[in-house]
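A.B. asks: Following this line is start.csv, made up of CSV, C-alpha atoms:
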chain,number,residue,atom,x,y,z
O,7,MET,CA,-16.7,32.2,29.7
O,8,LYS,CA,-19.1,30.1,27.8
O,9,LYS,CA,-21.7,30.2,30.5
O,10,MET,CA,-21.3,33.9,31.1
O,11,ARG,CA,-21.8,34.6,27.3
O,12,GLU,CA,-24.9,32.3,27.2
O,13,ARG,CA,-26.4,34.0,30.3
O,14,THR,CA,-25.8,37.5,28.8
O,15,ARG,CA,-27.5,36.3,25.6
O,16,LEU,CA,-30.5,34.9,27.5
O,17,ILE,CA,-30.9,38.2,29.4
O,18,ILE,CA,-30.8,40.2,26.2
O,19,GLN,CA,-33.4,37.9,24.6
O,20,LEU,CA,-35.7,38.1,27.7
O,21,ALA,CA,-35.3,41.9,28.0
O,22,PHE,CA,-36.0,42.5,24.3
O,23,ALA,CA,-39.1,40.2,24.3
O,24,ALA,CA,-40.4,42.0,27.3
O,25,LEU,CA,-39.7,45.4,25.9
O,26,THR,CA,-41.4,44.8,22.5
O,27,ASN,CA,-44.3,43.0,24.1
O,28,GLY,CA,-44.6,45.5,27.0
O,29,TYR,CA,-48.2,46.8,26.4
O,30,VAL,CA,-49.4,45.7,29.8
O,31,SER,CA,-53.0,46.9,29.2
O,32,GLY,CA,-53.2,44.4,26.3
O,33,PHE,CA,-52.7,41.6,28.7
O,34,LEU,CA,-55.1,43.0,31.3
O,35,GLY,CA,-57.9,44.3,29.1
O,36,GLN,CA,-57.1,42.1,26.0
O,37,LYS,CA,-57.3,45.0,23.6
O,38,LEU,CA,-54.4,45.3,21.1
O,39,TYR,CA,-52.1,48.3,21.1
O,40,LYS,CA,-53.4,50.6,18.4
O,41,GLY,CA,-50.7,53.4,18.5
O,42,LYS,CA,-48.5,54.6,15.6
O,43,LEU,CA,-45.6,52.4,16.7
O,44,LYS,CA,-47.3,49.5,15.0
O,45,GLN,CA,-46.5,50.8,11.6
O,46,PHE,CA,-42.9,49.8,12.4
O,47,CYS,CA,-41.8,46.2,12.1
O,48,LEU,CA,-40.1,44.4,14.9
O,49,PRO,CA,-36.9,42.6,14.0
O,50,GLY,CA,-38.0,39.1,15.1
O,51,LEU,CA,-41.0,36.8,14.5
O,52,ASN,CA,-43.3,38.6,16.9
O,53,CYS,CA,-47.1,38.3,16.2
O,54,TYR,CA,-48.9,41.6,16.1
O,55,SER,CA,-51.9,39.9,17.6
O,56,CYS,CA,-50.0,39.2,20.8
O,57,PRO,CA,-51.9,41.3,23.4
O,58,GLY,CA,-48.7,43.1,24.4
O,59,ALA,CA,-47.1,43.7,21.0
O,60,LEU,CA,-45.9,47.2,20.4
O,61,GLY,CA,-44.8,46.7,16.8
O,62,SER,CA,-45.6,44.7,13.7
O,63,CYS,CA,-44.5,41.2,12.7
O,64,PRO,CA,-42.4,41.7,9.6
O,65,ILE,CA,-43.5,38.5,7.9
O,66,GLY,CA,-47.2,39.3,8.7
O,67,ALA,CA,-46.6,42.8,7.4
O,68,LEU,CA,-45.0,41.5,4.1
O,69,GLN,CA,-48.1,39.3,3.5
O,70,ALA,CA,-50.5,42.1,4.5
O,71,VAL,CA,-49.1,44.5,1.9
O,72,ALA,CA,-48.8,41.8,-0.7
O,73,GLY,CA,-52.4,40.7,0.0
O,74,ASP,CA,-53.7,44.3,-0.2
O,75,ARG,CA,-55.4,45.0,-3.6
O,76,SER,CA,-53.3,48.2,-4.0
O,77,PHE,CA,-49.9,46.5,-3.8
O,78,SER,CA,-48.2,43.4,-4.9
O,79,PHE,CA,-45.0,43.6,-2.9
O,80,SER,CA,-43.8,45.5,0.2
O,81,PHE,CA,-40.7,47.6,-0.6
O,82,TYR,CA,-41.1,49.2,2.9
O,83,VAL,CA,-41.0,46.0,4.9
O,84,MET,CA,-38.4,44.2,2.7
O,85,GLY,CA,-36.3,47.3,2.7
O,86,CYS,CA,-36.3,47.5,6.5
O,87,LEU,CA,-35.4,43.8,6.7
O,88,VAL,CA,-32.6,44.1,4.1
O,89,MET,CA,-31.2,47.1,6.0
O,90,LEU,CA,-31.2,45.2,9.3
O,91,GLY,CA,-29.8,42.1,7.5
O,92,ALA,CA,-27.0,44.2,6.0
O,93,LEU,CA,-26.1,45.6,9.4
O,94,ILE,CA,-26.3,42.5,11.7
O,95,GLY,CA,-27.5,39.5,9.6
O,96,ARG,CA,-29.0,36.7,11.7
O,97,LEU,CA,-27.8,38.2,14.9
O,98,VAL,CA,-31.6,39.1,15.1
O,99,CYS,CA,-32.4,35.3,15.3
O,100,GLY,CA,-29.8,34.7,18.0
O,101,PHE,CA,-30.6,37.7,20.2
O,102,LEU,CA,-33.9,39.5,19.3
O,103,CYS,CA,-36.5,36.9,18.2
O,104,PRO,CA,-39.0,35.9,20.8
O,105,PHE,CA,-39.7,32.5,19.1
O,106,GLY,CA,-36.0,31.9,19.0
O,107,LEU,CA,-36.0,32.4,22.7
O,108,VAL,CA,-38.8,29.9,23.2
O,109,GLN,CA,-36.9,27.3,21.2
O,110,ASP,CA,-33.7,28.0,23.2
O,111,LEU,CA,-35.6,27.5,26.4
O,112,MET,CA,-37.1,24.2,25.1
O,113,TYR,CA,-33.6,23.0,24.2
O,114,LYS,CA,-32.6,23.6,27.8
O,115,ILE,CA,-35.0,20.9,29.0
O,116,PRO,CA,-32.8,18.0,30.2
O,117,VAL,CA,-34.0,15.2,27.9
O,118,PRO,CA,-31.6,13.1,25.8
O,119,LYS,CA,-30.8,15.0,22.6
O,120,VAL,CA,-31.7,12.0,20.4
O,121,LEU,CA,-32.3,14.0,17.3
O,122,ARG,CA,-29.4,16.3,17.0
O,123,LYS,CA,-29.5,15.9,13.2
O,124,ILE,CA,-32.8,15.4,11.5
O,125,PRO,CA,-32.7,12.9,8.5
O,126,GLY,CA,-32.5,15.0,5.3
O,127,ASP,CA,-31.2,18.0,7.2
O,128,ARG,CA,-29.2,19.3,4.2
O,129,TYR,CA,-32.3,19.4,1.9
O,130,LEU,CA,-34.8,20.4,4.6
O,131,ARG,CA,-32.9,23.7,5.1
O,132,PHE,CA,-34.1,24.8,1.6
O,133,LEU,CA,-37.7,24.6,2.8
O,134,LYS,CA,-37.5,28.0,4.5
O,135,TYR,CA,-36.6,29.7,1.1
O,136,ILE,CA,-39.5,27.9,-0.6
O,137,ILE,CA,-41.9,29.0,2.2
O,138,LEU,CA,-40.6,32.6,1.9
O,139,VAL,CA,-41.2,32.8,-1.9
O,140,LEU,CA,-44.4,30.8,-2.0
O,141,MET,CA,-46.3,31.5,1.2
O,142,VAL,CA,-45.1,35.0,2.0
O,143,LEU,CA,-44.5,36.6,-1.3
O,144,VAL,CA,-46.4,34.9,-4.1
O,145,LEU,CA,-49.7,33.3,-2.8
O,146,PRO,CA,-50.9,36.3,-0.7
O,147,ASP,CA,-50.6,38.4,-3.9
O,148,ARG,CA,-51.9,35.9,-6.4
O,149,VAL,CA,-54.7,34.0,-4.6
O,150,THR,CA,-57.3,36.6,-3.8
O,151,ASN,CA,-60.9,36.8,-2.8
O,152,ILE,CA,-63.7,38.6,-4.7
O,153,ILE,CA,-62.6,42.0,-3.4
O,154,GLY,CA,-59.0,41.4,-4.4
O,155,GLN,CA,-57.5,40.7,-1.0
O,156,GLY,CA,-55.2,37.7,-0.3
O,157,ASP,CA,-54.7,35.6,2.8
O,158,PRO,CA,-51.5,35.7,4.9
O,159,TRP,CA,-50.7,32.1,4.0
O,160,PHE,CA,-47.7,31.6,6.2
O,161,CYS,CA,-49.5,33.1,9.3
O,162,LYS,CA,-52.6,31.1,8.6
O,163,TRP,CA,-51.2,27.7,8.0
O,164,ILE,CA,-47.8,27.5,9.6
O,165,CYS,CA,-46.6,30.2,12.0
O,166,PRO,CA,-46.3,28.6,15.5
O,167,SER,CA,-45.1,32.0,16.9
O,168,GLY,CA,-48.5,33.5,16.0
O,169,THR,CA,-50.3,30.5,17.7
O,170,LEU,CA,-48.2,30.8,20.8
O,171,LEU,CA,-47.9,34.6,21.2
O,172,GLY,CA,-51.2,35.6,19.7
O,173,GLY,CA,-53.6,32.6,19.4
O,174,VAL,CA,-53.2,31.0,22.9
O,175,PRO,CA,-53.6,34.2,25.0
O,176,GLN,CA,-56.4,35.6,22.8
O,177,VAL,CA,-58.4,32.4,22.8
O,178,LEU,CA,-57.9,31.8,26.6
O,179,SER,CA,-59.2,35.3,27.4
O,180,THR,CA,-62.0,35.7,24.9
O,181,PRO,CA,-65.0,33.4,25.2
O,182,ALA,CA,-66.3,34.5,21.7
O,183,LEU,CA,-63.1,33.2,20.1
O,184,GLN,CA,-63.4,29.9,22.0
O,185,ALA,CA,-66.8,29.4,20.3
O,186,SER,CA,-65.2,29.9,16.9
O,187,LEU,CA,-62.4,27.3,17.2
O,188,GLY,CA,-62.2,24.7,14.4
O,189,PHE,CA,-59.9,22.7,12.2
O,190,LEU,CA,-57.5,25.6,11.6
O,191,PHE,CA,-56.8,26.2,15.3
O,192,SER,CA,-56.3,22.4,15.9
O,193,TRP,CA,-53.9,22.3,12.9
O,194,LYS,CA,-51.9,25.3,14.1
O,195,MET,CA,-51.8,23.9,17.7
O,196,GLY,CA,-50.5,20.6,16.2
O,197,ILE,CA,-47.7,22.5,14.4
O,198,LEU,CA,-46.8,24.4,17.6
O,199,ILE,CA,-46.7,21.3,19.7
O,200,LEU,CA,-44.6,19.5,17.1
O,201,VAL,CA,-42.1,22.4,16.8
O,202,LEU,CA,-41.9,22.7,20.6
O,203,ALA,CA,-41.4,19.0,21.1
O,204,LEU,CA,-38.7,18.9,18.4
O,205,SER,CA,-37.0,21.9,19.9
O,206,SER,CA,-36.3,19.9,23.1
O,207,VAL,CA,-34.2,17.4,21.2
O,208,ASN,CA,-33.0,19.4,18.2
O,209,TYR,CA,-31.6,22.9,18.4
O,210,ARG,CA,-34.0,25.5,16.8
O,211,PRO,CA,-35.7,23.3,14.2
O,212,PHE,CA,-38.1,26.1,13.2
O,213,CYS,CA,-35.2,28.5,12.5
O,214,LYS,CA,-33.3,25.8,10.5
O,215,TYR,CA,-36.1,24.6,8.3
O,216,LEU,CA,-39.2,26.8,8.3
O,217,CYS,CA,-38.6,30.4,9.2
O,218,PRO,CA,-39.0,32.8,6.2
O,219,LEU,CA,-37.6,35.6,8.3
O,220,GLY,CA,-34.4,33.6,9.0
O,221,ALA,CA,-34.2,33.0,5.2
O,222,ILE,CA,-34.1,36.7,4.5
O,223,TYR,CA,-31.6,37.5,7.2
O,224,GLY,CA,-29.6,34.4,6.2
O,225,LEU,CA,-29.2,35.6,2.6
O,226,CYS,CA,-27.7,38.8,4.1
O,227,ASN,CA,-25.4,37.0,6.5
O,228,PRO,CA,-22.4,36.4,4.1
O,229,VAL,CA,-22.1,40.2,3.5
O,230,SER,CA,-23.5,41.7,6.7
O,231,LEU,CA,-21.3,44.3,8.4
O,232,TYR,CA,-21.4,42.4,11.7
O,233,HIS,CA,-19.5,39.2,10.8
O,234,LEU,CA,-17.3,36.5,12.1
O,235,GLU,CA,-13.6,36.4,11.4
O,236,VAL,CA,-11.4,33.4,11.7
O,237,ASP,CA,-7.7,34.0,12.3
O,238,LYS,CA,-6.1,31.2,10.3
O,239,GLU,CA,-2.8,31.6,12.1
O,240,LYS,CA,-4.4,30.8,15.4
O,241,CYS,CA,-7.0,28.2,14.2
O,242,THR,CA,-5.7,24.6,14.5
O,243,ARG,CA,-8.9,23.1,13.0
O,244,CYS,CA,-9.5,21.3,16.3
O,245,GLY,CA,-13.3,21.4,15.5
O,246,ALA,CA,-14.4,22.6,18.9
O,247,CYS,CA,-16.4,25.5,17.3
O,248,SER,CA,-18.2,23.3,14.8
O,249,ARG,CA,-19.1,20.8,17.6
O,250,ALA,CA,-20.5,23.6,19.7
O,251,CYS,CA,-22.6,25.0,17.0
O,252,GLY,CA,-26.3,24.1,17.4
O,253,MET,CA,-27.1,25.3,13.8
O,254,GLY,CA,-24.6,22.8,12.3
O,255,VAL,CA,-22.3,25.3,10.8
O,256,ASP,CA,-18.7,24.3,9.8
O,257,VAL,CA,-17.3,27.4,11.3
O,258,PRO,CA,-13.7,27.6,10.0
O,259,LYS,CA,-15.0,26.7,6.5
O,260,ALA,CA,-18.0,29.0,6.4
O,261,PRO,CA,-17.9,31.5,9.3
O,262,ASN,CA,-20.6,33.6,7.7
O,263,SER,CA,-22.9,30.9,6.6
O,264,PRO,CA,-26.6,31.8,6.0
O,265,GLU,CA,-27.3,29.3,8.9
O,266,CYS,CA,-25.2,31.1,11.5
O,267,ILE,CA,-27.4,32.9,14.1
O,268,ARG,CA,-24.4,34.7,15.6
O,269,CYS,CA,-25.1,33.2,19.1
O,270,GLY,CA,-21.3,33.3,19.8
O,271,LYS,CA,-21.0,29.8,21.2
O,272,CYS,CA,-18.2,29.0,18.7
O,273,ALA,CA,-16.1,32.0,19.7
O,274,SER,CA,-16.6,31.2,23.4
O,275,VAL,CA,-15.4,27.6,23.1
O,276,CYS,CA,-12.4,28.3,20.9
O,277,PRO,CA,-9.3,27.3,22.9
O,278,HIS,CA,-7.1,29.5,20.7
O,279,ASP,CA,-9.2,32.6,20.6
O,280,ALA,CA,-9.2,32.4,16.8
O,281,LEU,CA,-12.8,33.6,16.3
O,282,GLN,CA,-13.9,37.2,16.6
O,283,PHE,CA,-17.1,38.9,15.8
O,284,ARG,CA,-16.5,42.4,14.3
O,285,PHE,CA,-18.4,45.2,12.7
O,286,VAL,CA,-15.4,46.5,10.7
O,287,HIS,CA,-13.5,44.1,8.4
O,288,ARG,CA,-9.8,43.9,9.2
O,289,LYS,CA,-7.7,44.9,6.3
O,290,LYS,CA,-6.0,42.1,4.6
O,291,GLU,CA,-2.3,42.9,4.0
O,292,LYS,CA,-0.6,41.5,0.9
O,293,HIS,CA,2.3,40.0,2.7
O,294,GLY,CA,1.7,39.5,6.4
O,295,GLN,CA,-0.1,38.0,9.2
O,296,ALA,CA,-3.5,39.7,8.5
O,297,GLU,CA,-3.6,37.8,5.1
O,298,ASN,CA,-4.7,34.8,7.1
O,299,ILE,CA,-8.1,36.2,8.0
O,300,GLU,CA,-11.1,34.3,6.7
O,301,ASN,CA,-14.5,36.1,6.7
F,21,MET,CA,-14.1,44.0,-1.3
F,22,LYS,CA,-16.6,42.1,0.8
F,23,ARG,CA,-16.9,45.0,3.2
F,24,TYR,CA,-18.5,47.1,0.5
F,25,TYR,CA,-21.2,44.6,-0.3
F,26,GLY,CA,-22.6,45.2,3.2
F,27,PHE,CA,-22.8,49.0,2.6
F,28,PHE,CA,-24.3,48.4,-0.8
F,29,LEU,CA,-27.0,46.2,0.6
F,30,LEU,CA,-27.6,48.7,3.3
F,31,SER,CA,-28.2,51.5,0.8
F,32,VAL,CA,-30.4,49.2,-1.3
F,33,GLY,CA,-32.5,48.4,1.8
F,34,PHE,CA,-32.7,52.1,2.6
F,35,GLY,CA,-33.9,53.0,-0.9
F,36,MET,CA,-36.5,50.2,-0.9
F,37,ALA,CA,-37.8,51.3,2.5
F,38,CYS,CA,-38.1,55.0,1.4
F,39,ALA,CA,-39.9,53.9,-1.8
F,40,GLY,CA,-42.3,51.9,0.2
F,41,LEU,CA,-43.0,54.8,2.6
F,42,VAL,CA,-43.7,57.1,-0.4
F,43,ARG,CA,-46.2,54.5,-1.7
F,44,GLY,CA,-48.0,54.6,1.6
F,45,GLU,CA,-47.3,51.0,2.6
F,46,ALA,CA,-46.7,51.9,6.3
F,47,MET,CA,-50.4,52.8,6.6
F,48,THR,CA,-51.4,49.3,5.2
F,49,VAL,CA,-49.1,47.7,7.8
F,50,LEU,CA,-50.6,49.8,10.6
F,51,LYS,CA,-54.2,49.0,9.5
F,52,LYS,CA,-53.4,45.3,9.6
F,53,ALA,CA,-51.5,45.4,12.9
F,54,ILE,CA,-54.0,47.2,15.0
F,55,THR,CA,-56.8,44.7,14.3
F,56,LEU,CA,-56.9,41.2,15.6
F,57,CYS,CA,-55.5,38.9,12.9
F,58,LEU,CA,-57.9,36.0,12.9
F,59,GLU,CA,-55.7,34.0,10.5
F,60,CYS,CA,-52.6,34.5,12.7
F,61,ILE,CA,-54.3,33.2,15.8
F,62,GLY,CA,-55.9,30.2,14.0
F,63,ILE,CA,-59.5,31.2,13.7
F,64,GLY,CA,-59.4,31.8,10.0
Represent the supplied structure as structure tokens.
C.D. replies:
Amino acid sequence: MKKMRERTRLIIQLAFAALTNGYVSGFLGQKLYKGKLKQFCLPGLNCYSCPGALGSCPIGALQAVAGDRSFSFSFYVMGCLVMLGALIGRLVCGFLCPFGLVQDLMYKIPVPKVLRKIPGDRYLRFLKYIILVLMVLVLPDRVTNIIGQGDPWFCKWICPSGTLLGGVPQVLSTPALQASLGFLFSWKMGILILVLALSSVNYRPFCKYLCPLGAIYGLCNPVSLYHLEVDKEKCTRCGACSRACGMGVDVPKAPNSPECIRCGKCASVCPHDALQFRFVHRKKEKHGQAENIEN
Amino acid sequence: MKRYYGFFLLSVGFGMACAGLVRGEAMTVLKKAITLCLECIGIG
């Protein structure tokens, strides 16, 4: 059951990454897709400079609008993210994000998982909210050049997804770009290598500590329509779900924690079938069995 | 009660997205997305 569920998730992740990066001419001719689809944001952290990208990166788009001299904040992009967050929360991270997929694949490498919990984990998880506010929303709007345009701070200084999906293929295929490489590329490659190396011993460190997109979806998680319900009558608090959770969520206590990426591992390992993902909340009766539902 | 928060958030998001579309933000997103983002790929 667990293997079957994990395999299905992997197939969905691969299919979605291939579909949203399916502009084959981009990989062959190295010219970006310039069609109207690119005004729409993809749900996951998918660099729009990836040769095959058919849509926009939502975090790049947030910074592009904030950095534009005509605007300070993107209601369009944030609205789309809030809508998606309200519908499915961090299910996007678990199933639809290409960089989440990369980290999942890294974690499958059979090396001893010596760093399952990073020291200071509890506090480091707040870092993604600081990055969201500072590097995605404030700095691109406030720190501008002489024509009033701001840099995409997160994309420029941190985003390993941009380096992997956009930077590496573009630089490998364009000699003119190779001649322009400098400190920034080395810095970003360093971050990418560090994140990938960490991902082999710790489950999804980028999603836990650094991802501003995960921060937005995470804030929607506790109220999203797609949610996890714990049947308290069936739950024996054996702890199997929490032990299986790579994101470190205490499932019976906080089933809809901002950290949950809805991967479903908890539900598949539950020996009592006490965990269920649902779109519609079960009605809680005043006196009866259904009162024992935690969500 | 919690189930209504999701619907409320959904409508807030929809309203924000519509407001952004009216302001012409989608064009700014498109303009940025169809050109190679040098910062994103680490050139600067």
A.B. asks: Just to confirm, what's the straight-line distance from atom CA of Tyr209 of chain O to atom CA of Cys47 of chain O in Å (one decimal)?
C.D. replies: 26.2 Å
A.B. asks: Mind checking which residues fall within 8 Å of segment 29-43 of chain F, counting all atoms listed in the file, ignoring those fewer than 2 positions away in the same chain, and posting them as a list in words?
C.D. replies: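 Listed by chain and then number, they are Ser80, Phe81, Tyr82, Val83, Met84, Gly85, Cys86, Leu87, Val88, Met89, Leu90, Ala92 and Leu93 of chain O; Tyr25, Gly26, Phe27, Glu45 and Ala46 of chain F.
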A.B. asks: Leaving out Ala280 of chain O and any residue of its chain fewer than 3 positions from it, which residues lie within 9 Å of it when counting only C-alpha atoms, given as a list of chain:residue names?
C.D. replies: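 Close residues of Ala280 of chain O: O:Glu235, O:Val236, O:Asp237, O:Lys238, O:Glu239, O:Lys240, O:Cys241, O:Thr242, O:Ala273, O:Cys276, O:Pro277.
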A.B. asks: Could you save those same residues with C-alpha atoms as a short mmCIF file (atom, residue, chain, number, x, y, z; two decimals), keeping the file's coordinate frame?
C.D. replies:
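Result file follows (selection35.cif):
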data_model
loop_
_atom_site.label_atom_id
_atom_site.label_comp_id
_atom_site.auth_asym_id
_atom_site.auth_seq_id
_atom_site.Cartn_x
_atom_site.Cartn_y
_atom_site.Cartn_z
CA GLU O 235 -13.60 36.40 11.40
CA VAL O 236 -11.40 33.40 11.70
CA ASP O 237 -7.70 34.00 12.30
CA LYS O 238 -6.10 31.20 10.30
CA GLU O 239 -2.80 31.60 12.10
CA LYS O 240 -4.40 30.80 15.40
CA CYS O 241 -7.00 28.20 14.20
CA THR O 242 -5.70 24.60 14.50
CA ALA O 273 -16.10 32.00 19.70
CA CYS O 276 -12.40 28.30 20.90
CA PRO O 277 -9.30 27.30 22.90
#
A.B. asks: Would you compute the distance between atom CA of Gln19 of chain O and atom CA of Phe101 of chain O? Give it in Å to one decimal.
C.D. replies: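 Separation between atom CA of Gln19 of chain O and atom CA of Phe101 of chain O: 5.2 Å.
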A.B. asks: Hey, which of O:Val275, O:Leu130, O:Cys217, O:Leu231 ends up closest to Cys251 of chain O? Count only C-alpha atoms.
C.D. replies: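 Checking each of O:Val275, O:Leu130, O:Cys217, O:Leu231 against Cys251 of chain O, counting only C-alpha atoms, the winner is O:Val275.
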A.B. asks: Show me, as a tab-separated table, the residues of chain O having an atom within 8 Å of chain F, each with the closest atom pair and its distance in Å, using all atoms listed in the file.
C.D. replies:
residue	atom	partner	partner_atom	distance
O:Leu38	CA	F:Ile54	CA	6.4
O:Tyr39	CA	F:Ile54	CA	6.5
O:Lys40	CA	F:Ile54	CA	4.8
O:Gly41	CA	F:Ile54	CA	7.8
O:Lys42	CA	F:Leu50	CA	7.2
O:Lys44	CA	F:Leu50	CA	5.5
O:Gln45	CA	F:Leu50	CA	4.3
O:Phe46	CA	F:Ala46	CA	7.5
O:Cys53	CA	F:Cys60	CA	7.5
O:Tyr54	CA	F:Ala53	CA	5.6
O:Ser55	CA	F:Leu56	CA	5.5
O:Gly61	CA	F:Ala53	CA	7.9
O:Ser62	CA	F:Ala53	CA	6.0
O:Ala67	CA	F:Val49	CA	5.5
O:Ala70	CA	F:Val49	CA	6.6
O:Val71	CA	F:Thr48	CA	6.3
O:Asp74	CA	F:Thr48	CA	7.7
O:Ser80	CA	F:Gly40	CA	6.6
O:Phe81	CA	F:Gly40	CA	4.7
O:Tyr82	CA	F:Ala37	CA	3.9
O:Val83	CA	F:Ala37	CA	6.6
O:Met84	CA	F:Ala37	CA	7.1
O:Gly85	CA	F:Gly33	CA	4.1
O:Cys86	CA	F:Ala37	CA	5.7
O:Leu87	CA	F:Gly33	CA	7.3
O:Val88	CA	F:Gly33	CA	4.9
O:Met89	CA	F:Gly33	CA	4.6
O:Leu90	CA	F:Leu30	CA	7.8
O:Ala92	CA	F:Leu30	CA	5.3
O:Leu93	CA	F:Leu30	CA	7.0
O:Asp157	CA	F:Glu59	CA	7.9
O:Pro158	CA	F:Glu59	CA	7.2
O:Cys161	CA	F:Cys60	CA	4.8
O:Lys162	CA	F:Glu59	CA	4.7
O:Cys165	CA	F:Cys60	CA	7.4
O:Gly168	CA	F:Cys60	CA	5.4
O:Thr169	CA	F:Ile61	CA	5.2
O:Gly172	CA	F:Ile61	CA	5.5
O:Gly173	CA	F:Ile61	CA	3.7
O:Val174	CA	F:Ile61	CA	7.5
O:Gln176	CA	F:Ile61	CA	7.7
O:Leu183	CA	F:Ile63	CA	7.6
O:Ser186	CA	F:Ile63	CA	6.7
O:Leu187	CA	F:Ile63	CA	6.0
O:Gly188	CA	F:Ile63	CA	7.1
O:Leu190	CA	F:Gly62	CA	5.4
O:Phe191	CA	F:Gly62	CA	4.3
O:Lys194	CA	F:Gly62	CA	6.3
O:Val229	CA	F:Gly26	CA	5.0
O:Ser230	CA	F:Gly26	CA	5.0
O:Leu231	CA	F:Gly26	CA	5.4
O:Val286	CA	F:Arg23	CA	7.8
O:His287	CA	F:Arg23	CA	6.3
A.B. asks: Using only C-alpha atoms, please write the residues we just selected to a file, as an mmCIF file, in the coordinates of the input.
C.D. replies:
data_model
loop_
_atom_site.group_PDB
_atom_site.id
_atom_site.type_symbol
_atom_site.label_atom_id
_atom_site.label_comp_id
_atom_site.auth_asym_id
_atom_site.auth_seq_id
_atom_site.Cartn_x
_atom_site.Cartn_y
_atom_site.Cartn_z
ATOM 1 C CA LEU O 38 -54.400 45.300 21.100
ATOM 2 C CA TYR O 39 -52.100 48.300 21.100
ATOM 3 C CA LYS O 40 -53.400 50.600 18.400
ATOM 4 C CA GLY O 41 -50.700 53.400 18.500
ATOM 5 C CA LYS O 42 -48.500 54.600 15.600
ATOM 6 C CA LYS O 44 -47.300 49.500 15.000
ATOM 7 C CA GLN O 45 -46.500 50.800 11.600
ATOM 8 C CA PHE O 46 -42.900 49.800 12.400
ATOM 9 C CA CYS O 53 -47.100 38.300 16.200
ATOM 10 C CA TYR O 54 -48.900 41.600 16.100
ATOM 11 C CA SER O 55 -51.900 39.900 17.600
ATOM 12 C CA GLY O 61 -44.800 46.700 16.800
ATOM 13 C CA SER O 62 -45.600 44.700 13.700
ATOM 14 C CA ALA O 67 -46.600 42.800 7.400
ATOM 15 C CA ALA O 70 -50.500 42.100 4.500
ATOM 16 C CA VAL O 71 -49.100 44.500 1.900
ATOM 17 C CA ASP O 74 -53.700 44.300 -0.200
ATOM 18 C CA SER O 80 -43.800 45.500 0.200
ATOM 19 C CA PHE O 81 -40.700 47.600 -0.600
ATOM 20 C CA TYR O 82 -41.100 49.200 2.900
ATOM 21 C CA VAL O 83 -41.000 46.000 4.900
ATOM 22 C CA MET O 84 -38.400 44.200 2.700
ATOM 23 C CA GLY O 85 -36.300 47.300 2.700
ATOM 24 C CA CYS O 86 -36.300 47.500 6.500
ATOM 25 C CA LEU O 87 -35.400 43.800 6.700
ATOM 26 C CA VAL O 88 -32.600 44.100 4.100
ATOM 27 C CA MET O 89 -31.200 47.100 6.000
ATOM 28 C CA LEU O 90 -31.200 45.200 9.300
ATOM 29 C CA ALA O 92 -27.000 44.200 6.000
ATOM 30 C CA LEU O 93 -26.100 45.600 9.400
ATOM 31 C CA ASP O 157 -54.700 35.600 2.800
ATOM 32 C CA PRO O 158 -51.500 35.700 4.900
ATOM 33 C CA CYS O 161 -49.500 33.100 9.300
ATOM 34 C CA LYS O 162 -52.600 31.100 8.600
ATOM 35 C CA CYS O 165 -46.600 30.200 12.000
ATOM 36 C CA GLY O 168 -48.500 33.500 16.000
ATOM 37 C CA THR O 169 -50.300 30.500 17.700
ATOM 38 C CA GLY O 172 -51.200 35.600 19.700
ATOM 39 C CA GLY O 173 -53.600 32.600 19.400
ATOM 40 C CA VAL O 174 -53.200 31.000 22.900
ATOM 41 C CA GLN O 176 -56.400 35.600 22.800
ATOM 42 C CA LEU O 183 -63.100 33.200 20.100
ATOM 43 C CA SER O 186 -65.200 29.900 16.900
ATOM 44 C CA LEU O 187 -62.400 27.300 17.200
ATOM 45 C CA GLY O 188 -62.200 24.700 14.400
ATOM 46 C CA LEU O 190 -57.500 25.600 11.600
ATOM 47 C CA PHE O 191 -56.800 26.200 15.300
ATOM 48 C CA LYS O 194 -51.900 25.300 14.100
ATOM 49 C CA VAL O 229 -22.100 40.200 3.500
ATOM 50 C CA SER O 230 -23.500 41.700 6.700
ATOM 51 C CA LEU O 231 -21.300 44.300 8.400
ATOM 52 C CA VAL O 286 -15.400 46.500 10.700
ATOM 53 C CA HIS O 287 -13.500 44.100 8.400
#
A.B. asks: Find the spatial neighbours of Leu145 of chain O, counting only C-alpha atoms, within a cut-off of 9 Å - ignore same-chain residues fewer than 4 positions away - and output them as a list in words.
C.D. replies: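 My reading of the contact set: Gln69, Ala72, Gly73, Val139, Leu140, Met141, Val149, Thr150, Gly156, Asp157, Pro158 and Trp159 of chain O.
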A.B. asks: Nearest residue to Arg284 of chain O out of O:Ile94, O:Ala221, O:Ile153, O:Cys247, using all atoms listed in the file?
C.D. replies: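 Counting all atoms listed in the file, the residue closest to Arg284 of chain O is O:Ile94.
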A.B. asks: In Å to one decimal, how far is atom CA of Trp163 of chain O from atom CA of Pro57 of chain O?
C.D. replies: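 Atom-to-atom, atom CA of Pro57 of chain O to atom CA of Trp163 of chain O, that is 20.6 Å.
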A.B. asks: Write out as a PyMOL selection string the residues lying within 6 Å of segment 112-125 of chain O, counting all atoms listed in the file and excluding same-chain residues fewer than 2 positions away.
C.D. replies: chain O and resi 109-110+127+205-208
A.B. asks: Which residue gives the smallest distance to Arg131 of chain O among O:Met10, O:Leu51, O:Ala182, O:Cys213, with all atoms listed in the file counted?
C.D. replies: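 The closest residue to Arg131 of chain O is O:Cys213.
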A.B. asks: Excluding same-chain residues fewer than 6 positions from Asn52 of chain O, what lies within 7 Å of it counting only C-alpha atoms, as a PyMOL selection string?
C.D. replies: chain O and resi 63+104+167
